[in-house]
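Scroll down for the structure; my scribbles are underneath it.
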Amino acid sequence: MTPAIGSAAPDFELTWRVGEPAIRRSAWQEGRPLVLLFYPLAFSPVCTDELCAVRDDGAQWSELDARILGVSVDSPWVNSRFADELGIDFPLLSDFNREVASAYGVLNDDYWGMRGVSDRAAFVIDASGTVVWAWHSPDDAVLPDFEAIRAAVAEASEPAR
């Protein structure tokens with residue numbers, strides 16, 4: 001089940017590059033808003049478009065002081081190569097055991113005949129670890145609304161009144 005807005009975001013620790021320390025979501029955030037992007041499969045056309053769009057908007061994410069993590073069920077070797085070939089400057093994590101996609105309620109049991117691939121989904125998690133924005137689409141051809149994500153990050157960054 002997808003975490004509800006206002007609920008605690010499931011914490012996790014995943015590998016991004018073999019031989020490098022795993023990344024724990026809560027620690028990696030460093031008290032900043034986090035954009036968590038689930039994408040079905042590396043090197044697929046729409047996933048490539050999505051991650052390149054995020055890469056190309058790097059200055060806007062930096063202005064918002066946002067951290068970004070991508071997550072797929074691909075192996076760390078595949079995600080590393082995907083990131084390197086696209087020049088992605090944020091970690092693409094391997095959820096090879098499908099635990100994180102399950103925890104976030106985005107695991108698809110029939111993705112073009114493949115079992116256990118994550119749907120395309122996006123979450124904004126504030127500095128305290130609370131889900132403040134969520135989007136989940138079983139239609140793999142639909143990209144998340146990046147303007148809505150940036151607005152949620154900006155709102156999550158505002159001091160409490």
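Lettering and numbering for the structure tokens are positional, with chains as A, B, ... in the shown order, residues counted from 1 in each chain, and ligands counted from 1 in the shown order.
The protein and nucleic acid residues lying at most 9 Å from Phe123 of chain A are Leu34, Val35, Leu36, Leu37, Phe38, Val131, Val132, Trp133, Ala134, Trp135, His136 and Ile149 of chain A, with only C-alpha atoms considered and sequence neighbours fewer than 6 positions away removed.
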Interface rows for segment 12-33 of chain A against segment 78-88 of chain A: nearest pair, Å to one decimal, 10 Å, only C-alpha atoms, as JSON lines:
```
{"residue": "A:Thr15", "atom": "CA", "partner": "A:Asn79", "partner_atom": "CA", "distance": 9.9}
{"residue": "A:Trp16", "atom": "CA", "partner": "A:Ser80", "partner_atom": "CA", "distance": 7.0}
{"residue": "A:Arg17", "atom": "CA", "partner": "A:Ser80", "partner_atom": "CA", "distance": 6.0}
{"residue": "A:Val18", "atom": "CA", "partner": "A:Ser80", "partner_atom": "CA", "distance": 8.6}
```
Would you output that residue set with all heavy atoms, as a short mmCIF file (atom, residue, chain, number, x, y, z; two decimals), in the first residue's frame?
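Result file follows (selection14.cif):
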```
data_model
loop_
_atom_site.label_atom_id
_atom_site.label_comp_id
_atom_site.auth_asym_id
_atom_site.auth_seq_id
_atom_site.Cartn_x
_atom_site.Cartn_y
_atom_site.Cartn_z
N THR A 15 21.80 -0.67 -2.35
CA THR A 15 23.07 -0.54 -3.06
C THR A 15 22.87 0.30 -4.31
O THR A 15 21.87 0.19 -5.00
CB THR A 15 23.58 -1.94 -3.46
OG1 THR A 15 23.78 -2.69 -2.27
CG2 THR A 15 24.88 -1.85 -4.23
N TRP A 16 23.86 1.13 -4.58
CA TRP A 16 23.81 1.89 -5.84
C TRP A 16 24.98 1.52 -6.73
O TRP A 16 24.82 1.45 -7.94
CB TRP A 16 23.74 3.38 -5.56
CG TRP A 16 24.95 4.03 -4.98
CD1 TRP A 16 25.51 3.75 -3.77
CD2 TRP A 16 25.73 5.04 -5.56
NE1 TRP A 16 26.60 4.55 -3.56
CE2 TRP A 16 26.77 5.37 -4.65
CE3 TRP A 16 25.67 5.73 -6.76
CZ2 TRP A 16 27.72 6.33 -4.91
CZ3 TRP A 16 26.62 6.71 -7.02
CH2 TRP A 16 27.63 6.99 -6.10
N ARG A 17 26.13 1.25 -6.18
CA ARG A 17 27.28 0.79 -6.96
C ARG A 17 27.96 -0.32 -6.16
O ARG A 17 28.23 -0.15 -4.98
CB ARG A 17 28.27 1.91 -7.22
CG ARG A 17 27.75 2.98 -8.16
CD ARG A 17 28.85 3.98 -8.50
NE ARG A 17 28.37 5.11 -9.26
CZ ARG A 17 28.23 5.12 -10.58
NH1 ARG A 17 28.53 4.08 -11.29
NH2 ARG A 17 27.79 6.20 -11.19
N VAL A 18 28.24 -1.42 -6.83
CA VAL A 18 28.91 -2.54 -6.16
C VAL A 18 30.26 -2.05 -5.64
O VAL A 18 31.00 -1.37 -6.35
CB VAL A 18 29.07 -3.73 -7.13
CG1 VAL A 18 29.90 -4.83 -6.50
CG2 VAL A 18 27.70 -4.25 -7.53
#
```
Going by DSSP on the backbone, which residues of chain A come out as strand (DSSP E or B)? List them as a VMD selection string. chain A and resid 8 13 to 15 23 to 24 34 to 38 67 to 72 92 to 94 107 to 108 111 114 117 to 118 120 to 125 130 to 137
Atom CA of Asp140 of chain A to atom CA of Val46 of chain A, straight-line distance in Å: 7.4 Å
Produce a table with one row for each residue of segment 39-122 of chain A that has an atom at most 9 Å from any atom of segment 150-158 of chain A, each row naming the nearest atom pair and its distance in Å at one decimal; use only C-alpha atoms; arrange rows by chain and rising residue number; format as a tab-separated table.
```
residue	atom	partner	partner_atom	distance
A:Gln60	CA	A:Arg150	CA	8.3
A:Trp61	CA	A:Arg150	CA	7.6
A:Leu64	CA	A:Ala154	CA	6.2
A:Asp65	CA	A:Ser157	CA	8.0
A:Ala66	CA	A:Val153	CA	7.0
```
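You can rank A:Asp89, A:Leu51, A:Ala148, A:Ser128 by their closest distance to Ala9 of chain A using only C-alpha atoms, and at the top of that list sits A:Ser128.
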List the neighbours of Ala101 of chain A out to 12 Å using only C-alpha atoms; skip same-chain residues closer than 3 positions along the sequence, and give me the result as a PyMOL selection string. chain A and resi 1-3+10-12+14+36-40+70-74+93-98+104-109+116-123+136
Which of segment 21-146 of chain A fall in alpha helix (DSSP H), as JSON, numbers by chain: {"A": [25, 26, 27, 28, 45, 46, 47, 48, 49, 50, 51, 52, 53, 54, 55, 56, 58, 59, 60, 61, 62, 63, 76, 77, 78, 79, 80, 81, 82, 83, 84, 85, 86, 99, 100, 101, 102, 103, 146]}
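Distance annotation: of A:Asp126, A:Glu63, A:Asp110, A:Glu147, the residue with the minimal separation from Gly6 of chain A is A:Asp126; atom set is only C-alpha atoms.
The coordinates place atom CA of Val54 of chain A at 22.2 Å from atom CA of Glu13 of chain A.
For the set A:Phe146, A:Thr48, A:Leu41, A:Gly19, the residue with the smallest atom-to-atom gap to Trp112 of chain A is A:Leu41, counting only C-alpha atoms.
The shortest atom-to-atom distance to Gln29 of chain A, with only C-alpha atoms taken into account, belongs to A:Ala127 out of A:Ala127, A:Ala8, A:Met114, A:Leu92.
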